[in-house]
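Listing of final-v5.cif, mmCIF, C-alpha atoms
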data_final
loop_
_atom_site.label_atom_id
_atom_site.label_comp_id
_atom_site.auth_asym_id
_atom_site.auth_seq_id
_atom_site.Cartn_x
_atom_site.Cartn_y
_atom_site.Cartn_z
CA MET A 14 -21.20 -40.76 -55.76
CA ARG A 15 -24.99 -40.57 -56.14
CA SER A 16 -25.58 -42.04 -52.67
CA SER A 17 -23.20 -39.59 -51.00
CA LEU A 18 -24.98 -36.73 -52.79
CA ALA A 19 -28.30 -38.05 -51.45
CA ALA A 20 -26.81 -38.32 -47.95
CA LEU A 21 -25.55 -34.74 -48.18
CA CYS A 22 -29.01 -33.48 -49.28
CA GLY A 23 -30.61 -35.40 -46.40
CA ALA A 24 -28.19 -33.95 -43.88
CA LEU A 25 -28.82 -30.43 -45.19
CA ALA A 26 -32.60 -30.92 -45.02
CA LEU A 27 -32.36 -32.12 -41.40
CA THR A 28 -30.14 -29.16 -40.54
CA ALA A 29 -32.65 -26.77 -42.10
CA LEU A 30 -35.34 -28.17 -39.75
CA LEU A 31 -33.27 -26.98 -36.77
CA PHE A 32 -33.78 -23.38 -37.88
CA VAL A 33 -37.56 -23.51 -37.90
CA PRO A 34 -38.71 -20.85 -35.38
CA ALA A 35 -39.34 -22.30 -31.90
CA PRO A 36 -41.70 -20.80 -29.30
CA ALA A 37 -39.82 -17.92 -27.65
CA ALA A 38 -38.11 -18.94 -24.41
CA ALA A 39 -38.30 -16.60 -21.43
CA HIS A 40 -35.23 -14.58 -20.60
CA HIS A 41 -32.91 -16.95 -18.84
CA GLY A 42 -29.65 -16.85 -16.94
CA TRP A 43 -26.56 -18.88 -17.58
CA ALA A 44 -26.66 -22.65 -17.23
CA GLY A 45 -26.03 -23.48 -13.57
CA ASN A 46 -27.19 -20.07 -12.40
CA SER A 47 -30.55 -18.84 -11.24
CA THR A 48 -32.78 -17.07 -13.75
CA GLU A 49 -33.65 -14.45 -11.14
CA GLU A 50 -31.84 -11.11 -11.14
CA PHE A 51 -29.69 -10.90 -8.01
CA GLU A 52 -28.16 -7.88 -6.31
CA ILE A 53 -25.97 -7.60 -3.24
CA THR A 54 -23.83 -4.89 -1.61
CA GLY A 55 -20.59 -5.59 0.21
CA THR A 56 -16.90 -4.78 0.47
CA VAL A 57 -14.17 -5.90 -1.91
CA GLU A 58 -12.30 -8.85 -0.38
CA LYS A 59 -10.04 -9.58 -3.35
CA ALA A 60 -9.46 -7.11 -6.19
CA VAL A 61 -10.35 -7.79 -9.84
CA SER A 62 -8.20 -10.37 -11.61
CA LEU A 63 -8.11 -10.34 -15.41
CA ALA A 64 -6.81 -13.92 -15.64
CA GLY A 65 -8.70 -16.29 -17.96
CA PRO A 66 -11.03 -17.84 -18.79
CA HIS A 67 -13.19 -15.32 -16.89
CA ALA A 68 -12.18 -12.25 -14.89
CA THR A 69 -12.96 -12.64 -11.18
CA MET A 70 -13.14 -10.77 -7.89
CA GLN A 71 -14.36 -11.47 -4.36
CA VAL A 72 -16.81 -9.47 -2.27
CA ARG A 73 -17.71 -9.90 1.42
CA ALA A 74 -21.42 -9.43 2.06
CA GLU A 75 -23.90 -10.76 4.61
CA GLY A 76 -21.07 -12.54 6.41
CA LYS A 77 -20.02 -14.55 3.33
CA VAL A 78 -17.27 -14.22 0.77
CA TRP A 79 -18.83 -14.21 -2.70
CA ASP A 80 -16.96 -15.28 -5.81
CA LEU A 81 -17.82 -13.00 -8.70
CA THR A 82 -17.44 -14.43 -12.18
CA LEU A 83 -17.10 -11.48 -14.53
CA ALA A 84 -16.93 -11.42 -18.35
CA PRO A 85 -13.91 -12.83 -20.22
CA PRO A 86 -10.76 -10.74 -19.54
CA ALA A 87 -10.79 -8.57 -22.70
CA ARG A 88 -14.46 -7.71 -22.31
CA THR A 89 -14.12 -6.91 -18.60
CA GLU A 90 -11.18 -4.63 -19.39
CA LYS A 91 -13.23 -2.93 -22.14
CA ALA A 92 -15.92 -2.17 -19.53
CA GLY A 93 -13.22 -0.25 -17.60
CA LEU A 94 -12.99 -2.82 -14.81
CA THR A 95 -9.25 -3.45 -14.54
CA GLU A 96 -7.11 -4.77 -11.69
CA LYS A 97 -6.34 -1.52 -9.92
CA VAL A 98 -9.61 0.42 -10.40
CA ILE A 99 -11.56 -0.64 -7.27
CA PRO A 100 -9.46 -0.90 -4.09
CA VAL A 101 -9.80 -3.75 -1.58
CA GLY A 102 -12.23 -2.74 1.17
CA ALA A 103 -14.32 -0.46 -1.08
CA THR A 104 -18.11 -0.82 -0.94
CA VAL A 105 -19.57 -2.17 -4.19
CA THR A 106 -22.98 -3.26 -5.43
CA VAL A 107 -23.01 -6.35 -7.60
CA HIS A 108 -25.77 -7.25 -10.06
CA GLY A 109 -26.06 -10.61 -11.80
CA HIS A 110 -27.25 -14.17 -11.35
CA ARG A 111 -26.55 -16.27 -8.30
CA ASN A 112 -25.35 -19.86 -8.58
CA SER A 113 -28.43 -22.08 -8.53
CA ASP A 114 -26.85 -24.13 -5.74
CA PRO A 115 -27.77 -22.17 -2.55
CA LYS A 116 -24.66 -23.54 -0.81
CA LYS A 117 -22.43 -21.85 -3.37
CA PHE A 118 -21.79 -18.13 -2.98
CA GLU A 119 -20.98 -17.42 -6.60
CA ILE A 120 -22.45 -14.72 -8.84
CA LYS A 121 -22.25 -14.57 -12.62
CA THR A 122 -21.83 -10.83 -12.62
CA GLU A 123 -23.31 -8.46 -15.19
CA ARG A 124 -22.35 -5.17 -13.56
CA VAL A 125 -20.49 -3.76 -10.59
CA THR A 126 -21.27 -0.31 -9.18
CA TRP A 127 -18.70 1.53 -7.10
CA ASN A 128 -18.42 5.17 -6.10
CA GLY A 129 -21.22 6.21 -8.48
CA LYS A 130 -19.59 4.43 -11.43
CA THR A 131 -21.13 1.39 -13.10
CA PHE A 132 -18.92 -1.18 -14.81
CA ASP A 133 -21.22 -2.97 -17.20
CA VAL A 134 -19.29 -6.09 -18.26
CA TYR A 135 -22.33 -7.54 -20.07
CA PRO A 136 -24.02 -4.41 -21.51
CA ASP A 137 -26.45 -6.51 -23.59
CA ARG A 138 -27.87 -8.28 -20.51
CA LYS A 139 -30.36 -6.55 -18.24
CA MET B 4 -2.48 -27.61 -7.23
CA ALA B 5 -1.61 -24.65 -4.95
CA TRP B 6 2.09 -24.85 -5.89
CA LEU B 7 1.20 -25.00 -9.58
CA GLU B 8 -0.98 -21.91 -9.27
CA ALA B 9 1.78 -20.12 -7.31
CA SER B 10 4.43 -21.10 -9.89
CA PHE B 11 6.13 -18.67 -12.27
CA LEU B 12 4.08 -20.19 -15.11
CA GLY B 13 0.82 -19.54 -13.27
CA HIS B 14 1.90 -15.98 -12.56
CA VAL B 15 2.77 -15.32 -16.23
CA MET B 16 -0.54 -16.84 -17.39
CA ARG B 17 -2.50 -14.49 -15.11
CA SER B 18 -0.61 -11.27 -15.59
CA SER B 19 0.58 -11.07 -19.19
CA GLY B 20 -2.42 -9.52 -20.89
CA VAL B 21 -6.12 -10.13 -21.38
CA TRP B 22 -5.64 -12.34 -24.47
CA THR B 23 -3.03 -14.71 -22.99
CA TYR B 24 -5.47 -17.35 -21.77
CA GLY B 25 -7.45 -17.26 -25.03
CA ILE B 26 -4.33 -17.66 -27.18
CA VAL B 27 -2.93 -20.51 -25.04
CA ASN B 28 -6.37 -22.12 -25.19
CA LEU B 29 -6.27 -21.85 -29.00
CA ILE B 30 -2.82 -23.51 -29.07
CA HIS B 31 -4.20 -26.28 -26.84
CA ILE B 32 -7.09 -26.91 -29.23
CA LEU B 33 -4.75 -26.97 -32.25
CA GLY B 34 -2.57 -29.54 -30.44
CA VAL B 35 -5.56 -31.67 -29.43
CA SER B 36 -7.05 -31.59 -32.94
CA ALA B 37 -3.72 -32.61 -34.55
CA LEU B 38 -3.32 -35.41 -31.99
CA PHE B 39 -6.87 -36.71 -32.13
CA GLY B 40 -7.21 -36.40 -35.91
CA SER B 41 -4.06 -38.41 -36.57
CA VAL B 42 -4.85 -40.95 -33.84
CA LEU B 43 -8.34 -41.42 -35.31
CA ALA B 44 -6.92 -42.26 -38.76
CA LEU B 45 -4.34 -44.67 -37.31
CA ASP B 46 -6.80 -46.38 -34.95
CA LEU B 47 -9.35 -46.90 -37.72
CA ARG B 48 -6.59 -48.50 -39.80
CA LEU B 49 -5.66 -50.76 -36.85
CA LEU B 50 -9.35 -51.69 -36.56
CA GLY B 51 -9.32 -52.83 -40.18
CA VAL B 52 -10.65 -49.84 -42.09
CA TRP B 53 -8.78 -49.21 -45.42
CA PRO B 54 -7.19 -52.71 -45.46
CA THR B 55 -5.49 -52.02 -48.80
CA VAL B 56 -3.46 -49.11 -47.41
CA PRO B 57 -0.33 -50.57 -45.77
CA LEU B 58 -0.11 -49.97 -42.00
CA VAL B 59 3.44 -48.68 -42.43
CA THR B 60 2.15 -45.91 -44.73
CA VAL B 61 -0.61 -44.81 -42.33
CA ALA B 62 1.75 -44.96 -39.34
CA GLY B 63 4.39 -42.98 -41.22
CA THR B 64 2.15 -39.93 -41.53
CA THR B 65 -0.04 -40.15 -38.43
CA VAL B 66 2.53 -40.95 -35.72
CA PRO B 67 4.71 -37.83 -36.21
CA ILE B 68 1.64 -35.56 -36.25
CA ALA B 69 0.27 -37.26 -33.12
CA ARG B 70 3.62 -36.80 -31.33
CA VAL B 71 3.84 -33.09 -32.12
CA GLY B 72 0.14 -32.60 -31.32
CA PHE B 73 0.57 -34.28 -27.94
CA ALA B 74 3.62 -32.17 -27.09
CA VAL B 75 1.80 -28.94 -28.04
CA ALA B 76 -1.39 -29.93 -26.16
CA ALA B 77 0.46 -31.05 -23.03
CA THR B 78 2.64 -27.93 -22.83
CA SER B 79 -0.21 -25.47 -23.38
CA GLY B 80 -2.45 -27.54 -21.08
CA VAL B 81 -0.10 -27.11 -18.13
CA GLY B 82 -0.32 -23.34 -18.69
CA LEU B 83 -4.13 -23.40 -18.74
CA LEU B 84 -4.24 -25.49 -15.57
CA ALA B 85 -1.68 -23.30 -13.76
CA THR B 86 -3.78 -20.16 -14.33
CA LYS B 87 -6.29 -21.08 -11.61
CA ALA B 88 -5.15 -24.57 -10.62
CA THR B 89 -6.89 -24.60 -7.23
CA GLU B 90 -10.28 -24.02 -8.87
CA TYR B 91 -10.06 -27.43 -10.54
CA VAL B 92 -9.74 -29.36 -7.28
CA GLY B 93 -12.78 -31.64 -7.13
CA ASN B 94 -13.65 -31.20 -10.81
CA PRO B 95 -14.81 -34.72 -11.76
CA PHE B 96 -13.93 -34.30 -15.45
CA LEU B 97 -10.28 -33.69 -14.55
CA LEU B 98 -10.34 -36.97 -12.63
CA ILE B 99 -11.62 -38.70 -15.78
CA LYS B 100 -9.32 -36.90 -18.21
CA PHE B 101 -5.91 -37.58 -16.67
CA PRO B 102 -6.38 -41.32 -16.04
CA ALA B 103 -7.72 -41.60 -19.62
CA ILE B 104 -4.54 -39.93 -20.93
CA ALA B 105 -2.44 -42.28 -18.75
CA ILE B 106 -4.22 -45.33 -20.21
CA ALA B 107 -3.77 -43.97 -23.75
CA LEU B 108 -0.02 -43.45 -23.20
CA ILE B 109 0.44 -46.91 -21.65
CA ASN B 110 -1.40 -48.27 -24.70
CA VAL B 111 1.12 -46.48 -26.95
CA MET B 112 3.92 -48.37 -25.18
CA VAL B 113 1.99 -51.63 -25.56
CA ILE B 114 1.47 -51.09 -29.32
CA ALA B 115 5.19 -50.35 -29.76
CA ARG B 116 5.93 -53.83 -28.37
CA LEU B 117 3.43 -55.74 -30.51
CA PRO B 118 5.18 -57.95 -33.12
CA GLY B 119 2.64 -56.92 -35.78
CA TRP B 120 3.57 -53.27 -35.20
CA GLN B 121 7.32 -53.87 -35.04
CA ALA B 122 7.32 -55.81 -38.31
CA ARG B 123 5.02 -53.37 -40.17
CA ALA B 124 7.75 -52.27 -42.58
CA VAL B 125 8.71 -55.80 -43.65
CA ARG B 126 5.52 -57.88 -43.73
CA GLU B 127 1.75 -57.98 -43.30
CA PRO B 128 0.58 -59.03 -39.81
CA SER B 129 -0.72 -62.55 -39.17
CA ASP B 130 -4.37 -62.98 -38.16
CA ARG B 131 -3.41 -63.16 -34.50
CA GLU B 132 -1.27 -60.01 -34.79
CA ARG B 133 -4.06 -58.27 -36.65
CA ARG B 134 -6.41 -58.97 -33.72
CA GLN B 135 -3.85 -57.64 -31.22
CA LEU B 136 -3.46 -54.46 -33.27
CA ALA B 137 -7.24 -54.07 -33.54
CA ILE B 138 -7.67 -54.37 -29.75
CA ALA B 139 -4.90 -51.80 -29.17
CA GLY B 140 -6.55 -49.52 -31.74
CA ALA B 141 -9.90 -49.79 -29.96
CA VAL B 142 -8.33 -49.05 -26.55
CA SER B 143 -6.54 -46.05 -28.08
CA LEU B 144 -9.68 -44.65 -29.69
CA LEU B 145 -11.78 -45.07 -26.53
CA SER B 146 -9.19 -43.60 -24.17
CA TRP B 147 -8.38 -40.58 -26.36
CA LEU B 148 -12.08 -39.97 -26.99
CA THR B 149 -12.68 -40.08 -23.22
CA ALA B 150 -9.77 -37.70 -22.60
CA VAL B 151 -10.99 -35.19 -25.21
CA ALA B 152 -14.63 -35.36 -24.08
CA ALA B 153 -13.80 -35.02 -20.37
CA GLY B 154 -11.33 -32.24 -21.18
CA ARG B 155 -14.00 -30.25 -23.00
CA MET B 156 -16.43 -30.70 -20.11
CA ILE B 157 -14.01 -29.37 -17.45
CA GLY B 158 -15.11 -25.82 -18.19
CA TYR B 159 -18.79 -26.65 -17.85
CA TRP B 160 -18.59 -27.98 -14.31
#

What is this structure when it is put down as structure tokens?
Amino acid sequence: MRSSLAALCGALALTALLFVPAPAAAHHGWAGNSTEEFEITGTVEKAVSLAGPHATMQVRAEGKVWDLTLAPPARTEKAGLTEKVIPVGATVTVHGHRNSDPKKFEIKTERVTWNGKTFDVYPDRK
Amino acid sequence: MAWLEASFLGHVMRSSGVWTYGIVNLIHILGVSALFGSVLALDLRLLGVWPTVPLVTVAGTTVPIARVGFAVAATSGVGLLATKATEYVGNPFLLIKFPAIAIALINVMVIARLPGWQARAVREPSDRERRQLAIAGAVSLLSWLTAVAAGRMIGYW
């Protein structure tokens, strides 16, 4: 009993150490994506899908088809970006973070602008 | 994978509301946790932990929970996979997970044939049978642990 109490105290003390303030890290992107802000304009190739785990759409730009990874479905819908809002072929500007592999045309998307409207699926990211 | 994605199940997963995937994912995790938790207790007993608790007692509670957990996890898992099945082609963790599950299930069939397991209600196993059960318990623990770990990593590829 006493030894398990000591073990518990030890574990708690070690856990507390994890919450000591660390030097602030620079603003970073998602794991696997570039830290640089990325923006591209193109035409919608495949309309928004609200299927999980992340909403998606495809945009053709600079001769490539880009896979956009949006926010999770509920959050993307809350930003007003639902399946039938932007038609296929419409010109959109996409802002986010490109996949860090230059051979992959994938963008973790923070916002999509179309027809003067901005759909901000990650409003707390710049 | 293309036929799975094009299936009725895949269609329902994609078009039945923004919370569908999240809820099916939750059901999958509940199934996996029931399965792995009960398998962990049984495997540790097979490896010789809690020697004073009869194997038949441990098996009596863990095996039914493991069965139900597996059924829940497998059913919900097919739904998760069908949502965007083609996106998982080439995912290395999927190629680790499914063979690991296959090994674990073959191991279940092996354990069911071990004399020490079959006689658990009537007598204690002999030393030789105890070793066989311990090996099967180790294979089970390793293969399920591999399946769970690889399964969790699929989404991070």

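Atom CA of A:Ala29 to atom CA of A:Ser16 spans 19.9 Å [interatomic distance, one decimal].
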
Legend entry - Selection under test: the PyMOL selection byres ((chain A) within 9 of (chain B)); residues as a list in words: Ala44, Gly45, Ser62, Leu63, Ala64, Gly65, Pro66, Pro85, Pro86, Ala87, Arg88 and Glu90 of chain A

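Residues in contact with A:Thr89 at up to 12 Å, not including ones fewer than 5 positions away on its chain and judged by all atoms listed in the file, are Val61, Ser62, Leu63, Ala64, Gly65, Pro66, His67, Ala68, Thr69, Met70, Thr82, Leu83, Ala84, Leu94, Thr95, Glu96, Val98, Thr122, Glu123, Arg124, Val125, Phe132, Asp133, Val134, Tyr135 and Pro136 of chain A; Val21 and Trp22 of chain B.
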
Mind working out the centre and edge lengths of an axis-aligned box for stretch 16-35 of chain A, all listed atoms inside, 4 Å added to each side, rounded to one decimal in Å and written as lines of an AutoDock Vina configuration file?
center_x = -31.3
center_y = -31.4
center_z = -42.3
size_x = 24.1
size_y = 29.2
size_z = 28.9

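Atom CA of B:Leu43 lies 17.6 Å from atom CA of B:Ala105.
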
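Interatomic distance, atom CA of B:Arg70 to atom CA of B:Pro57: 20.3 Å.
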
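Across the chains present, the PyMOL selection byres ((chain A and resi 71) around 6) applied to this file returns A:Glu58, A:Lys59, A:Met70, A:Val72, A:Trp79, A:Asp80, A:Leu81.
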
Inset, instruction - Given the file shown, determine the residues that the PyMOL selection byres ((chain B and resi 62) around 12) selects; report them as number ranges by chain. - result: B: 41-49, 56-61, 63-70, 114-115, 120-121, 123-124

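Nearest-residue note for B:Gly51: choosing from B:Phe39, B:Ala137, B:Pro95, B:Val71, the minimum distance belongs to B:Ala137, counting only C-alpha atoms.
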
Legend entry - Residue neighbourhood stretch 106-115 of chain A, 9 Å, all atoms listed in the file, exclusion window fewer than 2 positions, as JSON, numbers by chain: {"A": [42, 43, 44, 45, 46, 47, 48, 49, 50, 51, 52, 53, 54, 55, 56, 72, 81, 104, 117, 118, 119, 120, 121, 122, 123, 124, 125, 126, 127, 139]}
